[in-house]
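**Q** Dropping the structure in here first, questions after.
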Amino acid sequence: MPRNDATTTHRAPSLASGLSDDELLAEMTLEEKLAQLVGLWEGRGGDGGGEVAPMQDAMQSEVDRLEEFASHGLGHLTRVFGTRPVDPVEQARALVGKQQWLLTSTRLGIPALVHEECLTGLATWQATTFPAPPAWGATFDPELVAEMGRAIGDSMRSLGVHQGLAPVLDVVRDARWGRVEECISEDPYLVGELGTAYVRGMQDAGVVATLKHFVGYSGSRAGRNLAPVHAGTREVADVLLPPFEMAVRDGGAGSVMSSYNEIDGVPVAGDATLLTDLLRDEWGFTGTVVADYFGVAFLHTLHRSATDLGDAAAQALVAGVDVELPTGAGYLEPLAALVRSGEVDEAYVDRAVRRVLRQKRELGLLEPTYDPVVAGEVYLDPPANRALATRIAEESVVLVTNDGTLPLQARTVALVGPNADSVNALFGCYSFANHVLARHPDVDIGLDVTTIREALVEELGADRVRYAPGCDVRGEGTGGFAGALAAAEQADVIVAVMGDLAGMFGRGTSGEGCDADSLELPGVQRQLVEQLLELGKPVVLVLVTGRPYAVGWATDRCAAVVQAFFPGQEGARALAGVLTGRVNPSGRLPLSLPGSPGGQPYSYLHPPLGGASSVSNLDTRPTAAFGHGLSYTAFEHSEFYLAEPQVPTTGTVTARVRVTNVGWRAGADVVQVYAQTVARGVTRPTVQLLGFARVALEPGATADVEVRVPTARLAHTGADRRRAVGPGQVTVSLGRSSAELLASRPLTLTGEVHDVAGEDARLMSVTVRHEKRQR
């Protein structure tokens, strides 16, 4: 494996290392303070090969060399490893040189904090690529996600990276949005549980996790990127905010990224109500708030809520954005001019600088003994990481329907579809392969990745697999149909692997800036599957996607439907294992499969609107609902009850159930407990996830499973919210403690085994009645 053989450099302690934060702040000039509040993106990749951030070249400073840009110091180094394909060891040595320059060539000698993208693993060449976040959601396995976060953090630390820009805690509201693939689920509690687990894992490795995108980004109109968000106060409080609150209060997240969007006309990057009053004063957040890339400038250029770049910088700083990323377009000269003129109080600058210095000190960057050299071997794709990626991929595959055709027992299989023999189809938009290498086609992926075709041949043998792609992911050409149909004619079973290709800003069918007009499968994929179905042979539809698609037409006619959400570098073997039966599927849908390609937005959290025959010509019912997933074995549930007769104002309520594997093989079940809420005067969803537990059982085995439901979760199922709008201001009352909510609306709970999913009687429900206090 690569080795970094750099040796420790002995140096005199910097001025900064001998002072407290307050002493250091008093020593700093205005220019040195502002330098700590910006990043620098060297070699940002504006080479005509496409952007990796919106409007990246239009928003950059003209100076992008460290020695020219950082004469007064520097807050962040942006994507040193994740901007273009670089040898990680050589780049680590180059990073050492940059940090040593800051230590010895700036007056204060303060090192930069280095941040990288890390949503599906450290986004650099040769690093393990894990499954995309919806796959995490499908596992319902927080411990596994925490283990992944720790592994990613270890890789980052080995290179000298201090901060990761993940996890994404946006709750999916409209699956047409291109960034659905970056989100964990449509359920806020599942998002919060798994997102918090990721934070804990990464920060246990000594790397700061960054919560994205605070808040409302996923609620954009019509699922369009950067579109306005017209969410009401209760939707923001009950759906969009809880995952962030969980990750701050329970996970101790060290950083939060402000989102691009506005909410009801107020841009988040300039909203002190959210960034200061709620996040810091109420939740107790003590870390740094960083801007999404160019989000400060967008207050002027996109939202038009600021008159110029200086005004944009002032609004963001006062609201609570501490660091402008990825570089310093607004927080340097434009902001300095306003501070010198007295239009912006320097106390706001000092407030942000203190937060940055505290974070650097906590990371050890201001210690007298700090040395930037990373010594020893660098393993970015070790066997342990690959094994972990395999476990996540295997647990995330969802068996949606099955008439008994799976596991495959046929003599020959026709493997068709555009994603059957594609490496890139396994990866999300923020993987290094699709995010960066797509602009460098001559560079090898740097990982040992097996396609689904290769993995199925490994499982079944080459003589049993006949392959023909049939069509492209999004092309309109049907010239390949004949080859696919010919292969199908020679086989007993047809496996059609369809879905997405992740990309950036229209270069794919899923990903940032790749929003969809409808939830029909892209291109002519449905047309190909329908022609295959006309052959009268069993068709297994395998979906490898970043978003859920409307495939009700397929669930009714296909022998089986399997859903995988960008399963990563080990995902092909996981899928092949499920198809052949080597792996028993245990994934559960983190996102409902919609019933109509135009029936959006849909979420199981929305109040029921009826089917096509009632109030609309579009069927609002899902093809398969959140939490659904089949297995090759069977589970029975009994003796479900609530352990606490009274609901405490803090802590948890414990739901208990006995689970028995009554099937013929080992498997894992995901026990899900839901609320059926009755809240007087408030419209609530029919059901809402309260808690869950994953349990693995051998055939005939029984386990007594406990699901701990946080009292806060119960309290918020019926909480009411208020919004007051005054002249020139918006005040949102978003926070009330669980004790206050329970005091104002006492709860009555009853528990029963309830067939929520319709097909699987494994979803337990708790009726939650919020009784209004007597006047």
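Each chain in the structure tokens gets a letter, A, B and so on, in the order shown; residues start at 1 in every chain, and ligands are counted from 1 in the order they appear.
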When DSSP is applied to the backbone of this structure, which of region 500-566 of chain A are assigned helix (DSSP H, G or I)? Write them out as a PyMOL selection string.
**A** chain A and resi 525-533+552-555
**Q** If you keep N, CA, C and O atoms, can you produce a file of those selected residues as a compact mmCIF listing (two decimals), in the first residue's frame?
**A**
```txt
# COMPACT_ATOMS: atom_id res chain seq x y z
N GLN A 525 -36.26 2.88 -21.05
CA GLN A 525 -36.10 1.69 -20.23
C GLN A 525 -37.43 0.96 -20.00
O GLN A 525 -37.49 -0.27 -20.11
N ARG A 526 -38.49 1.70 -19.72
CA ARG A 526 -39.77 1.04 -19.52
C ARG A 526 -40.22 0.32 -20.79
O ARG A 526 -40.73 -0.80 -20.72
N GLN A 527 -39.99 0.97 -21.92
CA GLN A 527 -40.39 0.38 -23.19
C GLN A 527 -39.68 -0.96 -23.41
O GLN A 527 -40.28 -1.94 -23.85
N LEU A 528 -38.40 -1.03 -23.06
CA LEU A 528 -37.66 -2.27 -23.21
C LEU A 528 -38.22 -3.35 -22.27
O LEU A 528 -38.43 -4.50 -22.68
N VAL A 529 -38.48 -3.01 -21.01
CA VAL A 529 -39.00 -4.00 -20.07
C VAL A 529 -40.36 -4.52 -20.54
O VAL A 529 -40.65 -5.72 -20.46
N GLU A 530 -41.20 -3.63 -21.05
CA GLU A 530 -42.52 -4.07 -21.50
C GLU A 530 -42.42 -5.02 -22.69
O GLU A 530 -43.21 -5.97 -22.79
N GLN A 531 -41.45 -4.78 -23.56
CA GLN A 531 -41.27 -5.72 -24.67
C GLN A 531 -40.75 -7.06 -24.17
O GLN A 531 -41.11 -8.12 -24.69
N LEU A 532 -39.89 -7.04 -23.16
CA LEU A 532 -39.42 -8.29 -22.57
C LEU A 532 -40.57 -9.06 -21.93
O LEU A 532 -40.64 -10.29 -22.02
N LEU A 533 -41.48 -8.34 -21.27
CA LEU A 533 -42.62 -8.99 -20.64
C LEU A 533 -43.52 -9.68 -21.66
O LEU A 533 -44.16 -10.70 -21.35
N GLY A 552 -45.34 0.89 -10.71
CA GLY A 552 -46.51 0.07 -10.45
C GLY A 552 -46.85 -0.84 -11.62
O GLY A 552 -47.31 -1.97 -11.43
N TRP A 553 -46.60 -0.38 -12.82
CA TRP A 553 -46.82 -1.19 -14.01
C TRP A 553 -45.96 -2.46 -13.98
O TRP A 553 -46.34 -3.50 -14.54
N ALA A 554 -44.80 -2.39 -13.33
CA ALA A 554 -43.89 -3.53 -13.28
C ALA A 554 -44.20 -4.47 -12.13
O ALA A 554 -44.09 -5.69 -12.26
N THR A 555 -44.59 -3.92 -10.97
CA THR A 555 -44.86 -4.78 -9.82
C THR A 555 -46.05 -5.70 -10.10
O THR A 555 -46.13 -6.79 -9.53
```
**Q** So that I can check the surroundings of Arg386 (chain A), please list as number ranges by chain every protein, DNA and RNA residue that reaches within 9 Å of it, counting only C-alpha atoms and ignoring chain neighbours fewer than 6 positions away.
**A** A: 128-130, 569-570
**Q** Which neighbours of region 19-29 of chain A fall inside 8 Å, counting only C-alpha atoms, when residues of the same chain fewer than 6 positions from it are skipped, and could you give them as a list in words?
**A**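 Here the answer would be Asp350, Val353, Arg354, Leu357 and Arg358 of chain A.
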**Q** Once you have the residues from the selection above, write them out as a JSON list (two decimals), in the first residue's frame, restricted to N, CA and C atoms.
**A**
```json
[["chain", "number", "residue", "atom", "x", "y", "z"],
["A", 350, "ASP", "N", -15.50, 39.12, 15.53],
["A", 350, "ASP", "CA", -14.84, 38.48, 16.67],
["A", 350, "ASP", "C", -15.60, 37.21, 17.10],
["A", 353, "VAL", "N", -14.69, 34.49, 14.67],
["A", 353, "VAL", "CA", -13.29, 34.09, 14.80],
["A", 353, "VAL", "C", -13.09, 33.24, 16.05],
["A", 354, "ARG", "N", -13.74, 33.60, 17.14],
["A", 354, "ARG", "CA", -13.63, 32.79, 18.37],
["A", 354, "ARG", "C", -14.08, 31.35, 18.12],
["A", 357, "LEU", "N", -11.37, 29.60, 16.02],
["A", 357, "LEU", "CA", -10.19, 29.31, 16.83],
["A", 357, "LEU", "C", -10.45, 28.19, 17.82],
["A", 358, "ARG", "N", -11.65, 28.19, 18.43],
["A", 358, "ARG", "CA", -11.97, 27.12, 19.37],
["A", 358, "ARG", "C", -11.97, 25.77, 18.67]]
```
**Q** Could you give me, as CSV, a per-residue list for region 272-329 of chain A showing, wherever an atom lies at most 10 Å from an atom of region 203-219 of chain A, the closest pair of atoms and their distance in Å to one decimal, using only C-alpha atoms and sorting by chain then residue number from low to high?
**A**
```
residue,atom,partner,partner_atom,distance
A:Leu274,CA,A:Val215,CA,8.4
A:Leu275,CA,A:Phe214,CA,8.5
A:Leu279,CA,A:Phe214,CA,9.7
A:Gly287,CA,A:Val208,CA,9.3
A:Thr288,CA,A:Thr210,CA,9.0
A:Val289,CA,A:Thr210,CA,8.7
A:Val290,CA,A:Thr210,CA,8.5
A:Ala291,CA,A:His213,CA,9.5
A:Asp292,CA,A:His213,CA,7.8
```
**Q** So that I have them on file, write out the residues from the current selection with all heavy atoms, as a compact mmCIF listing (two decimals), in the first residue's frame.
**A**
```txt
# COMPACT_ATOMS: atom_id res chain seq x y z
N LEU A 274 -32.98 31.22 12.47
CA LEU A 274 -32.58 29.83 12.37
C LEU A 274 -31.14 29.60 12.82
O LEU A 274 -30.85 28.70 13.61
CB LEU A 274 -32.75 29.34 10.92
CG LEU A 274 -34.18 29.19 10.42
CD1 LEU A 274 -34.20 28.96 8.92
CD2 LEU A 274 -34.88 28.04 11.13
N LEU A 275 -30.21 30.43 12.31
CA LEU A 275 -28.79 30.16 12.51
C LEU A 275 -28.29 30.54 13.90
O LEU A 275 -27.25 30.02 14.34
CB LEU A 275 -27.97 30.90 11.45
CG LEU A 275 -28.24 30.50 10.00
CD1 LEU A 275 -27.36 31.29 9.05
CD2 LEU A 275 -28.02 29.00 9.78
N LEU A 279 -30.61 27.45 16.43
CA LEU A 279 -29.47 26.53 16.43
C LEU A 279 -28.60 26.69 17.67
O LEU A 279 -28.24 25.71 18.33
CB LEU A 279 -28.65 26.74 15.16
CG LEU A 279 -27.41 25.87 14.96
CD1 LEU A 279 -27.79 24.40 14.87
CD2 LEU A 279 -26.66 26.30 13.70
N GLY A 287 -20.46 24.69 17.71
CA GLY A 287 -19.47 24.54 16.64
C GLY A 287 -19.49 25.70 15.67
O GLY A 287 -19.88 26.83 16.01
N THR A 288 -19.07 25.45 14.45
CA THR A 288 -19.02 26.48 13.42
C THR A 288 -20.12 26.26 12.39
O THR A 288 -20.44 25.12 12.04
CB THR A 288 -17.66 26.47 12.69
OG1 THR A 288 -17.42 25.17 12.14
CG2 THR A 288 -16.54 26.85 13.63
N VAL A 289 -20.68 27.37 11.91
CA VAL A 289 -21.60 27.34 10.78
C VAL A 289 -20.81 27.74 9.54
O VAL A 289 -20.22 28.83 9.51
CB VAL A 289 -22.79 28.28 10.99
CG1 VAL A 289 -23.65 28.35 9.72
CG2 VAL A 289 -23.63 27.83 12.17
N VAL A 290 -20.78 26.85 8.55
CA VAL A 290 -20.08 27.15 7.31
C VAL A 290 -21.11 27.34 6.21
O VAL A 290 -22.18 26.71 6.23
CB VAL A 290 -19.08 26.04 6.93
CG1 VAL A 290 -18.04 25.85 8.03
CG2 VAL A 290 -19.79 24.71 6.65
N ALA A 291 -20.79 28.20 5.26
CA ALA A 291 -21.70 28.44 4.14
C ALA A 291 -21.59 27.32 3.13
O ALA A 291 -20.49 26.81 2.87
CB ALA A 291 -21.36 29.77 3.48
N ASP A 292 -22.71 26.92 2.55
CA ASP A 292 -22.63 26.07 1.38
C ASP A 292 -21.88 26.86 0.30
O ASP A 292 -21.91 28.10 0.28
CB ASP A 292 -24.02 25.66 0.88
CG ASP A 292 -23.98 24.39 0.06
OD1 ASP A 292 -22.89 23.98 -0.39
OD2 ASP A 292 -25.04 23.79 -0.17
```
**Q** Give the strand (DSSP E or B) residues of region 447-603 of chain A, as assigned by DSSP on the backbone, as a PyMOL selection string.
**A** chain A and resi 465-468+493-499+502+510+539-545+560-565+593
**Q** Tell me, in Å to one decimal, how far CA of Met202 (chain A) is from CA of Gly513 (chain A).
**A**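 Separation between CA of Met202 (chain A) and CA of Gly513 (chain A): 27.5 Å.
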**Q** Looking at only C-alpha atoms, which of A:Arg355, A:His606, A:His435, A:Arg464 is the one that sits closest to Pro622 (chain A)?
**A** A:His606
**Q** Please measure the separation of CA of Asn434 (chain A) and CA of Asp472 (chain A), giving the value in Å to one decimal.
**A**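 Answer for the CA of Asn434 (chain A) to CA of Asp472 (chain A) separation: 16.9 Å.
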**Q** Neighbours of Leu485 (chain A) within 9 Å (only C-alpha atoms; same-chain residues fewer than 4 positions away dropped), as a PyMOL selection string?
**A** chain A and resi 416+468+470+480-481+489-490+528+531-532+535
**Q** Leaving out region 493-502 of chain A and any residue of its chain fewer than 6 positions from it, which residues lie within 8 Å of it when counting only C-alpha atoms, given as an MDAnalysis selection string?
**A** chainID A and resid 410 412:420 424:425 427:429 434 473 508:511 521:522 525 529 532 537:546
**Q** How about saving the chosen residues, C-alpha atoms kept, as an mmCIF file, in the first residue's frame?
**A**
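Writing the result to selection29.cif gives the following:
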```
data_model
loop_
_atom_site.group_PDB
_atom_site.id
_atom_site.type_symbol
_atom_site.label_atom_id
_atom_site.label_comp_id
_atom_site.auth_asym_id
_atom_site.auth_seq_id
_atom_site.Cartn_x
_atom_site.Cartn_y
_atom_site.Cartn_z
ATOM 1 C CA ALA A 410 -33.270 -21.267 -13.671
ATOM 2 C CA THR A 412 -30.064 -19.869 -18.003
ATOM 3 C CA VAL A 413 -30.471 -16.156 -17.313
ATOM 4 C CA ALA A 414 -30.717 -13.302 -19.811
ATOM 5 C CA LEU A 415 -29.098 -10.249 -18.246
ATOM 6 C CA VAL A 416 -30.161 -7.046 -19.969
ATOM 7 C CA GLY A 417 -30.368 -3.346 -19.239
ATOM 8 C CA PRO A 418 -28.068 -0.311 -19.268
ATOM 9 C CA ASN A 419 -26.929 -0.775 -15.657
ATOM 10 C CA ALA A 420 -26.110 -4.483 -15.923
ATOM 11 C CA ASN A 424 -20.536 4.072 -12.675
ATOM 12 C CA ALA A 425 -24.134 2.935 -12.210
ATOM 13 C CA PHE A 427 -22.064 5.090 -7.493
ATOM 14 C CA GLY A 428 -23.807 8.272 -6.421
ATOM 15 C CA CYS A 429 -23.201 11.805 -7.609
ATOM 16 C CA ASN A 434 -18.985 10.409 -10.817
ATOM 17 C CA VAL A 473 -29.845 4.936 -19.371
ATOM 18 C CA GLY A 508 -26.800 12.373 -15.386
ATOM 19 C CA THR A 509 -30.340 11.352 -14.494
ATOM 20 C CA SER A 510 -29.724 11.695 -10.749
ATOM 21 C CA GLY A 511 -27.609 14.057 -8.696
ATOM 22 C CA LEU A 521 -37.820 5.477 -15.672
ATOM 23 C CA PRO A 522 -35.434 7.569 -17.805
ATOM 24 C CA GLN A 525 -36.104 1.687 -20.232
ATOM 25 C CA VAL A 529 -39.002 -3.995 -20.072
ATOM 26 C CA LEU A 532 -39.418 -8.293 -22.574
ATOM 27 C CA LYS A 537 -41.072 -15.418 -19.539
ATOM 28 C CA PRO A 538 -40.393 -14.465 -15.907
ATOM 29 C CA VAL A 539 -38.851 -10.986 -15.733
ATOM 30 C CA VAL A 540 -36.945 -9.860 -12.634
ATOM 31 C CA LEU A 541 -36.681 -6.061 -12.605
ATOM 32 C CA VAL A 542 -33.620 -4.797 -10.732
ATOM 33 C CA LEU A 543 -33.607 -1.059 -10.080
ATOM 34 C CA VAL A 544 -30.254 0.606 -9.388
ATOM 35 C CA THR A 545 -31.281 4.199 -8.801
ATOM 36 C CA GLY A 546 -30.776 7.372 -6.825
#
```
**Q** Considering only C-alpha atoms, state which residue in the set A:His628, A:Arg351, A:Arg200, A:Arg249 is at the smallest distance from Leu37 (chain A).
**A**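 Once distances to Leu37 (chain A) are computed over only C-alpha atoms, the minimum belongs to A:Arg351.
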**Q** Within 10 Å of Leu575 (chain A), counting only C-alpha atoms, which residues show up once you throw out same-chain ones fewer than 6 positions away? Write them as number ranges by chain, please.
**A** A: 393-394, 396-398, 452, 455-456, 542, 544, 562-564, 567, 581-583, 585
**Q** Expressed in Å to a single decimal, how great is the separation between CA of Ser105 (chain A) and CA of Pro88 (chain A)?
**A**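 Going from CA of Ser105 (chain A) over to CA of Pro88 (chain A), I get 25.0 Å.
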**Q** I'd like the contact shell of region 66-76 of chain A - 7 Å cut-off, only C-alpha atoms, skipping same-chain residues fewer than 5 positions apart - returned as a list of chain:residue names.
**A** A:Glu31, A:Glu32, A:Ala35, A:Gln36, A:Leu37, A:Val38, A:Gly39, A:Leu40, A:Leu102, A:Thr106, A:Ile110, A:Ala112, A:Leu113, A:Val114
**Q** Go through A:Glu90, A:Tyr430, A:Phe285, A:Val349 one by one, measure the shortest atom-to-atom distance of each to Pro167 (chain A) using only C-alpha atoms, and give the residue with the smallest value.
**A**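 Ranking A:Glu90, A:Tyr430, A:Phe285, A:Val349 by distance to Pro167 (chain A), first place goes to A:Tyr430.
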